[in-house]
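Undergrad: As input, take upload24.cif (mmCIF, C-alpha atoms):
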```cif
data_data
loop_
_atom_site.label_atom_id
_atom_site.label_comp_id
_atom_site.auth_asym_id
_atom_site.auth_seq_id
_atom_site.Cartn_x
_atom_site.Cartn_y
_atom_site.Cartn_z
CA MET A 242 147.91 98.62 140.13
CA GLY A 243 151.07 98.08 142.20
CA GLU A 244 151.24 99.42 145.70
CA ASN A 245 154.56 101.17 145.24
CA ALA A 246 153.90 104.83 146.02
CA ALA A 247 155.75 105.79 142.84
CA ASP A 248 153.15 103.82 140.86
CA GLY A 249 150.41 106.25 141.90
CA GLY A 250 149.02 104.18 144.78
CA VAL A 251 148.04 107.29 146.77
CA ARG A 252 144.37 108.23 146.78
CA PRO A 253 142.08 110.41 148.90
CA ALA A 254 140.55 108.55 151.83
CA GLY A 255 136.80 108.04 151.90
CA PRO A 256 134.23 107.05 154.52
CA GLY A 257 134.87 103.36 153.83
CA ASP A 258 138.44 103.78 155.08
CA ALA A 259 137.36 104.79 158.60
CA ASP A 260 138.14 101.46 160.29
CA GLU A 261 141.61 101.28 158.76
CA LEU A 262 142.33 104.94 159.56
CA LEU A 263 141.42 104.16 163.15
CA ARG A 264 143.76 101.14 163.20
CA LEU A 265 146.65 103.18 161.85
CA ARG A 266 145.91 106.22 164.06
CA VAL A 267 145.93 104.08 167.20
CA ALA A 268 149.31 102.68 166.13
CA VAL A 269 150.97 106.11 166.44
CA LEU A 270 149.30 107.45 169.57
CA ASP A 271 151.63 107.72 172.52
CA GLY A 272 149.09 107.39 175.26
CA GLY A 273 145.72 108.90 175.92
CA PRO A 274 142.15 107.67 176.06
CA LEU A 275 142.05 104.73 173.67
CA ASP A 276 138.90 103.21 175.13
CA ALA A 277 135.95 102.00 173.07
CA GLU A 278 134.25 105.42 173.24
CA TRP A 279 137.32 107.22 171.89
CA ARG A 280 137.68 104.68 169.07
CA ALA A 281 133.99 104.89 168.10
CA THR A 282 134.07 108.69 168.13
CA PHE A 283 137.14 108.83 165.88
CA ARG A 284 135.80 106.20 163.46
CA ASP A 285 132.35 107.81 163.23
CA ASP A 286 133.86 111.27 162.70
CA MET A 287 135.94 109.91 159.81
CA ARG A 288 132.88 108.21 158.29
CA ASP A 289 130.77 111.36 158.60
CA ARG A 290 133.30 113.89 157.31
CA LEU A 291 135.64 112.29 154.78
CA GLY A 292 134.74 113.39 151.28
CA ARG A 293 132.14 115.86 152.58
CA ASP A 294 134.00 118.24 154.89
CA PRO A 295 136.60 120.25 152.94
CA HIS A 296 138.46 120.95 156.20
CA LEU A 297 139.29 117.26 156.82
CA LEU A 298 141.80 115.84 154.36
CA ALA A 299 143.25 112.35 154.32
CA PHE A 300 145.29 110.36 151.83
CA VAL A 301 146.00 106.65 151.84
CA VAL A 302 147.98 103.95 150.09
CA PRO A 303 145.95 100.74 149.82
CA ALA A 304 147.71 97.49 150.72
CA ASP A 305 147.69 94.38 148.57
CA GLY A 306 144.95 92.08 149.84
CA GLY A 307 142.93 94.85 151.50
CA GLY A 308 143.46 97.34 154.26
CA LEU A 309 145.76 100.33 154.15
CA ALA A 310 149.54 100.44 153.96
CA ALA A 311 149.78 104.11 154.99
CA CYS A 312 147.76 107.23 155.71
CA ALA A 313 148.12 110.95 156.35
CA ILE A 314 145.34 112.97 158.00
CA GLY A 315 145.19 116.75 158.25
CA ILE A 316 142.86 119.61 159.07
CA VAL A 317 142.41 123.09 157.54
CA TYR A 318 141.92 125.75 160.21
CA ARG A 319 140.68 129.30 159.76
CA GLY A 320 142.29 131.98 161.86
CA TYR A 321 143.17 135.60 161.34
CA ARG A 322 145.35 136.87 158.52
CA GLY A 323 148.93 137.71 159.31
CA PRO A 324 152.49 137.24 158.10
CA SER A 325 152.43 133.50 158.93
CA HIS A 326 148.89 133.02 157.63
CA PRO A 327 148.38 135.39 154.68
CA THR A 328 145.13 133.67 153.67
CA GLY A 329 143.91 133.25 157.23
CA LEU A 330 144.04 129.50 156.64
CA TRP A 331 146.63 127.12 158.01
CA GLY A 332 146.93 123.36 158.00
CA ARG A 333 147.90 120.87 160.62
CA ILE A 334 149.03 117.35 159.93
CA HIS A 335 147.69 115.15 162.70
CA THR A 336 148.77 111.72 161.50
CA VAL A 337 151.27 110.20 159.10
CA VAL A 338 151.72 106.49 159.63
CA THR A 339 152.80 103.45 157.65
CA ASP A 340 151.83 99.95 158.72
CA PRO A 341 155.01 98.16 159.89
CA ALA A 342 154.62 95.49 157.20
CA HIS A 343 154.76 98.18 154.48
CA ARG A 344 157.58 100.43 155.67
CA ARG A 345 160.65 101.53 153.69
CA ARG A 346 158.72 101.72 150.40
CA GLY A 347 158.04 105.46 150.23
CA HIS A 348 154.39 105.24 151.33
CA GLY A 349 154.75 107.65 154.26
CA ARG A 350 156.46 110.22 152.06
CA ALA A 351 153.84 109.78 149.34
CA VAL A 352 150.83 110.36 151.62
CA ALA A 353 152.57 113.27 153.41
CA GLU A 354 153.39 114.93 150.08
CA ALA A 355 149.82 114.46 148.85
CA LEU A 356 148.43 115.98 152.05
CA VAL A 357 150.80 118.97 151.98
CA GLU A 358 149.91 119.58 148.33
CA ALA A 359 146.17 119.42 149.11
CA LEU A 360 146.53 121.78 152.08
CA GLY A 361 148.37 124.26 149.86
CA ALA A 362 145.79 123.92 147.09
CA GLY A 363 143.11 124.54 149.73
CA GLY A 364 144.60 127.95 150.51
CA CYS A 365 146.68 127.17 153.59
CA GLY A 366 149.52 129.65 154.02
CA SER A 367 151.45 127.30 156.30
CA VAL A 368 151.33 123.76 157.61
CA GLU A 369 152.39 122.56 161.04
CA LEU A 370 152.86 119.19 162.67
CA ARG A 371 154.31 117.61 165.75
CA ALA A 372 157.06 115.28 164.58
CA THR A 373 158.28 112.18 166.31
CA GLU A 374 162.02 111.67 166.44
CA ALA A 375 161.65 108.95 163.80
CA GLY A 376 159.52 111.13 161.50
CA ALA A 377 161.49 114.39 161.76
CA PRO A 378 164.04 113.52 159.02
CA LEU A 379 161.24 112.92 156.50
CA TYR A 380 159.54 116.22 157.35
CA ARG A 381 162.83 118.10 157.04
CA THR A 382 163.25 116.75 153.50
CA LEU A 383 159.75 118.08 152.74
CA GLY A 384 160.79 121.57 153.90
CA PHE A 385 159.48 121.60 157.49
CA ALA A 386 161.63 123.41 160.04
CA PRO A 387 161.57 123.21 163.85
CA VAL A 388 159.64 125.90 165.73
CA ASP A 389 159.60 126.59 169.46
CA GLY A 390 157.40 124.32 171.52
CA TYR A 391 153.87 125.17 172.47
CA MET A 392 151.71 124.79 175.55
CA ARG A 393 148.17 123.45 175.84
CA LEU A 394 145.22 124.08 178.14
CA ASP A 395 142.38 121.54 178.16
CA LEU A 396 139.04 123.36 178.47
CA GLY A 397 137.04 120.14 178.75
CA ALA A 398 133.90 119.49 180.77
CA GLY A 399 133.45 122.05 183.50
CA ARG A 400 137.07 123.20 183.56
CA ALA A 401 137.28 126.65 185.11
CA VAL A 402 139.94 128.97 183.73
CA PRO A 403 142.01 130.42 186.62
CA GLY A 404 141.42 134.14 187.02
CA ALA A 405 138.34 134.17 184.76
CA ARG A 406 135.12 135.56 186.16
#
```
When written as structure tokens, how does the structure in this file appear?
TA:
Amino acid sequence: MGENAADGGVRPAGPGDADELLRLRVAVLDGGPLDAEWRATFRDDMRDRLGRDPHLLAFVVPADGGGLAACAIGIVYRGYRGPSHPTGLWGRIHTVVTDPAHRRRGHGRAVAEALVEALGAGGCGSVELRATEAGAPLYRTLGFAPVDGYMRLDLGAGRAVPGAR
């Protein structure tokens, strides 16, 4: 089978793709803890959950000669029902990346479309992502629209919340 995305090269990722998903995920990270522990944790989580956890979805395009040309990874979250989340479920795309040697062939679009379709089929009422400047045009063509920024609080190890008792 050819690796052109239009030829049907997209498939769900499985546990055996964990090393390649890690390689591609690291390629798009813009900083952060990329030490051996972080890498092992990500890889092991992919191996443990792909194909077994219905909340973790990933799609890939295999590359000729082995490895992956592209991937998209997303998560289904359960929250409360409301106008933005009529089912109480919403999706978040965490990664869409194409290996530099395989760009400009439609692979990124193909895996993103497959992931969005799967999130919708899984009951998600909406899907969000954080787009890079380079990726934003693709997401706009898929129907994504900009939303106000968000803030984050890290509640990691021993972090006290100000004002909490």
Undergrad: Have a look at A:Val338, A:Leu263, A:Leu298, A:Val317 and name the one nearest to Gly364 of chain A; count all atoms listed in the file.
TA: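 With all atoms listed in the file as the atom set, the closest residue is A:Val317.
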Undergrad: Taking only C-alpha atoms into account, which of A:Asp285, A:Asp276, A:Asp260, A:Asp294 comes nearest Gly307 of chain A?
TA: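 Between A:Asp285, A:Asp276, A:Asp260, A:Asp294, the residue approaching Gly307 of chain A most closely is A:Asp260.
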Undergrad: Counting only C-alpha atoms, which of A:Ala372, A:Val269, A:Leu360, A:Ala277 gets nearest to Ala299 of chain A?
TA: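 Closest to Ala299 of chain A, using only C-alpha atoms: A:Leu360.
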Undergrad: Written as number ranges by chain, which residues does the PyMOL selection byres ((chain A and resi 265) around 8) give for the file shown?
TA: A: 261-264, 266-269, 311-312, 338-340
Undergrad: Could you list the residues chosen by the PyMOL selection byres ((chain A and resi 384) around 12) in this structure as a list in words?
TA: Ala353, Glu354, Val357, Ser367, Val368, Glu369, Ala377, Pro378, Leu379, Tyr380, Arg381, Thr382, Leu383, Phe385, Ala386 and Pro387 of chain A
Undergrad: When you draw a straight line from atom CA of Phe283 of chain A to atom CA of Ala259 of chain A, how long is it in Å?
TA: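 Atom CA of Phe283 of chain A sits 8.3 Å away from atom CA of Ala259 of chain A.
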Undergrad: Mind running segment 301-336 of chain A against segment 251-258 of chain A at 8 Å and telling me each contacting residue's nearest atom pair with the distance in Å (one decimal), counting only C-alpha atoms, chain and number ascending, as CSV?
TA:
```
residue,atom,partner,partner_atom,distance
A:Val301,CA,A:Val251,CA,5.5
A:Val302,CA,A:Val251,CA,4.7
A:Pro303,CA,A:Val251,CA,7.5
```
Undergrad: Mind dumping segment 301-329 of chain A from that block, keeping N, CA and C atoms, as an mmCIF file, in the first residue's frame?
TA:
```cif
data_model
loop_
_atom_site.group_PDB
_atom_site.id
_atom_site.type_symbol
_atom_site.label_atom_id
_atom_site.label_comp_id
_atom_site.auth_asym_id
_atom_site.auth_seq_id
_atom_site.Cartn_x
_atom_site.Cartn_y
_atom_site.Cartn_z
ATOM 1 N N VAL A 301 -1.986 7.142 12.925
ATOM 2 C CA VAL A 301 -0.659 7.257 12.340
ATOM 3 C C VAL A 301 -0.700 6.975 10.846
ATOM 4 N N VAL A 302 0.321 7.455 10.165
ATOM 5 C CA VAL A 302 0.603 7.079 8.785
ATOM 6 C C VAL A 302 1.970 6.423 8.815
ATOM 7 N N PRO A 303 2.049 5.128 8.484
ATOM 8 C CA PRO A 303 3.346 4.456 8.443
ATOM 9 C C PRO A 303 4.211 5.013 7.313
ATOM 10 N N ALA A 304 5.514 4.996 7.524
ATOM 11 C CA ALA A 304 6.459 5.438 6.505
ATOM 12 C C ALA A 304 7.010 4.227 5.756
ATOM 13 N N ASP A 305 7.332 4.422 4.488
ATOM 14 C CA ASP A 305 8.005 3.357 3.742
ATOM 15 C C ASP A 305 9.287 2.997 4.474
ATOM 16 N N GLY A 306 9.571 1.727 4.607
ATOM 17 C CA GLY A 306 10.807 1.291 5.245
ATOM 18 C C GLY A 306 10.749 1.253 6.758
ATOM 19 N N GLY A 307 9.579 1.458 7.339
ATOM 20 C CA GLY A 307 9.442 1.399 8.796
ATOM 21 C C GLY A 307 9.306 2.771 9.415
ATOM 22 N N GLY A 308 8.916 2.785 10.654
ATOM 23 C CA GLY A 308 8.709 4.044 11.359
ATOM 24 C C GLY A 308 7.374 4.668 10.983
ATOM 25 N N LEU A 309 7.178 5.879 11.452
ATOM 26 C CA LEU A 309 5.944 6.603 11.189
ATOM 27 C C LEU A 309 6.243 7.901 10.454
ATOM 28 N N ALA A 310 5.388 8.220 9.492
ATOM 29 C CA ALA A 310 5.497 9.484 8.775
ATOM 30 C C ALA A 310 4.773 10.598 9.525
ATOM 31 N N ALA A 311 3.678 10.255 10.232
ATOM 32 C CA ALA A 311 2.881 11.265 10.926
ATOM 33 C C ALA A 311 2.043 10.609 12.011
ATOM 34 N N CYS A 312 1.634 11.435 12.979
ATOM 35 C CA CYS A 312 0.732 10.950 14.025
ATOM 36 C C CYS A 312 -0.121 12.087 14.554
ATOM 37 N N ALA A 313 -1.261 11.703 15.128
ATOM 38 C CA ALA A 313 -2.133 12.618 15.861
ATOM 39 C C ALA A 313 -2.579 11.869 17.110
ATOM 40 N N ILE A 314 -2.463 12.521 18.264
ATOM 41 C CA ILE A 314 -2.811 11.914 19.546
ATOM 42 C C ILE A 314 -3.816 12.813 20.253
ATOM 43 N N GLY A 315 -4.892 12.214 20.767
ATOM 44 C CA GLY A 315 -5.901 12.984 21.476
ATOM 45 C C GLY A 315 -6.477 12.221 22.653
ATOM 46 N N ILE A 316 -7.173 12.952 23.492
ATOM 47 C CA ILE A 316 -7.760 12.407 24.714
ATOM 48 C C ILE A 316 -9.237 12.804 24.781
ATOM 49 N N VAL A 317 -10.083 11.878 25.246
ATOM 50 C CA VAL A 317 -11.483 12.163 25.539
ATOM 51 C C VAL A 317 -11.573 12.461 27.034
ATOM 52 N N TYR A 318 -12.161 13.605 27.355
ATOM 53 C CA TYR A 318 -12.342 14.006 28.748
ATOM 54 C C TYR A 318 -13.825 14.016 29.082
ATOM 55 N N ARG A 319 -14.131 13.709 30.338
ATOM 56 C CA ARG A 319 -15.516 13.765 30.798
ATOM 57 C C ARG A 319 -15.634 14.918 31.781
ATOM 58 N N GLY A 320 -16.554 15.796 31.491
ATOM 59 C CA GLY A 320 -16.828 16.934 32.357
ATOM 60 C C GLY A 320 -18.318 16.988 32.644
ATOM 61 N N TYR A 321 -18.819 18.157 32.857
ATOM 62 C CA TYR A 321 -20.247 18.330 33.075
ATOM 63 C C TYR A 321 -20.905 18.725 31.753
ATOM 64 N N ARG A 322 -22.195 18.459 31.667
ATOM 65 C CA ARG A 322 -22.928 18.824 30.458
ATOM 66 C C ARG A 322 -23.218 20.309 30.461
ATOM 67 N N GLY A 323 -23.190 20.879 29.291
ATOM 68 C CA GLY A 323 -23.489 22.294 29.126
ATOM 69 C C GLY A 323 -23.566 22.629 27.658
ATOM 70 N N PRO A 324 -23.798 23.887 27.336
ATOM 71 C CA PRO A 324 -23.944 24.276 25.934
ATOM 72 C C PRO A 324 -22.728 23.898 25.073
ATOM 73 N N SER A 325 -21.532 24.006 25.613
ATOM 74 C CA SER A 325 -20.326 23.665 24.854
ATOM 75 C C SER A 325 -20.043 22.173 24.859
ATOM 76 N N HIS A 326 -20.600 21.466 25.835
ATOM 77 C CA HIS A 326 -20.349 20.034 25.989
ATOM 78 C C HIS A 326 -21.676 19.310 26.241
ATOM 79 N N PRO A 327 -22.535 19.213 25.216
ATOM 80 C CA PRO A 327 -23.865 18.636 25.435
ATOM 81 C C PRO A 327 -23.844 17.183 25.899
ATOM 82 N N THR A 328 -22.802 16.451 25.588
ATOM 83 C CA THR A 328 -22.700 15.057 26.033
ATOM 84 C C THR A 328 -21.921 14.930 27.337
ATOM 85 N N GLY A 329 -21.307 16.024 27.753
ATOM 86 C CA GLY A 329 -20.415 15.971 28.912
ATOM 87 C C GLY A 329 -19.023 15.516 28.526
#
```
